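Following: one structure in structure tokens, then a few remarks.
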Amino acid sequence: MLGLSGEEVYEIQVDETLKTRPGCDVIAGDRNLVTTCRIDTPVELEYYRNGGILQTVLRKMLKGG
């Protein structure tokens with residue numbers, strides 16, 4: 001067990017260099033964990049960068065695509 005209670009504040013460290021299936025640093029309370037980021041495909045990465053599926057669809061509609 002990791003010894004986490006669920007009361008911790010979690011901070012997920014990602015930046016603009018994020019790619020599919022990288023390791024991500026997660027700060028949970030006073031612990032620093034390396035996890036697998038489950039952004040598995042380039043499409044999921046696009047959704048993440050745009051703030052979700054709806055925002056991605058709206059951006060494409062505004063571009064005329």
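Letters for chains follow the order of the structure tokens (A, B, ...), residue numbers begin at 1 for each chain, and ligand numbers begin at 1 in the order shown.
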
Shell around A:Glu8 at 9 Å using only C-alpha atoms, local window under 6 positions removed, as a list in words: Ala28, Gly29 and Asp30 of chain A

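Nearest to A:Val43 of all the residues A:Asp25, A:Gly64, A:Leu58, A:Lys19 is A:Lys19, counting only C-alpha atoms.
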
Between atom CA of A:Thr17 and atom CA of A:Thr35 - distance in Å to one decimal: 16.3 Å

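Backbone DSSP of chain A yields alpha helix (DSSP H) at Pro42, Val43, Glu44, Leu45, Glu46, Tyr47, Tyr48, Arg49, Asn50, Ile53, Leu54, Gln55, Thr56, Val57, Leu58, Arg59, Lys60, Met61, Leu62 and Lys63 of chain A.
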
Please extract the residues of chain A with a backbone DSSP assignment of strand (DSSP E) and present them as number ranges by chain. A: 10-13, 23-28, 31-36

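Taking only C-alpha atoms into account, A:Leu45 lies nearest to A:Leu18 out of the set A:Leu18, A:Val57, A:Leu33, A:Val26.
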
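With distances restricted to only C-alpha atoms, A:Arg31 is the closest residue to A:Val9 from A:Gly51, A:Glu46, A:Pro22, A:Arg31.
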
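Note that atom CA of A:Gly23 and atom CA of A:Gln55 are 25.4 Å apart.
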
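Taking atom CA of A:Tyr48 as the reference point, atom CA of A:Glu16 is found at 11.0 Å.
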
Would you pick out the contacts of A:Ile39 at 7 Å or less, using only C-alpha atoms, so that residues sharing its chain but fewer than 4 positions from it are not included, and give the list as a list in words? Thr20, Arg21, Glu44 and Leu45 of chain A
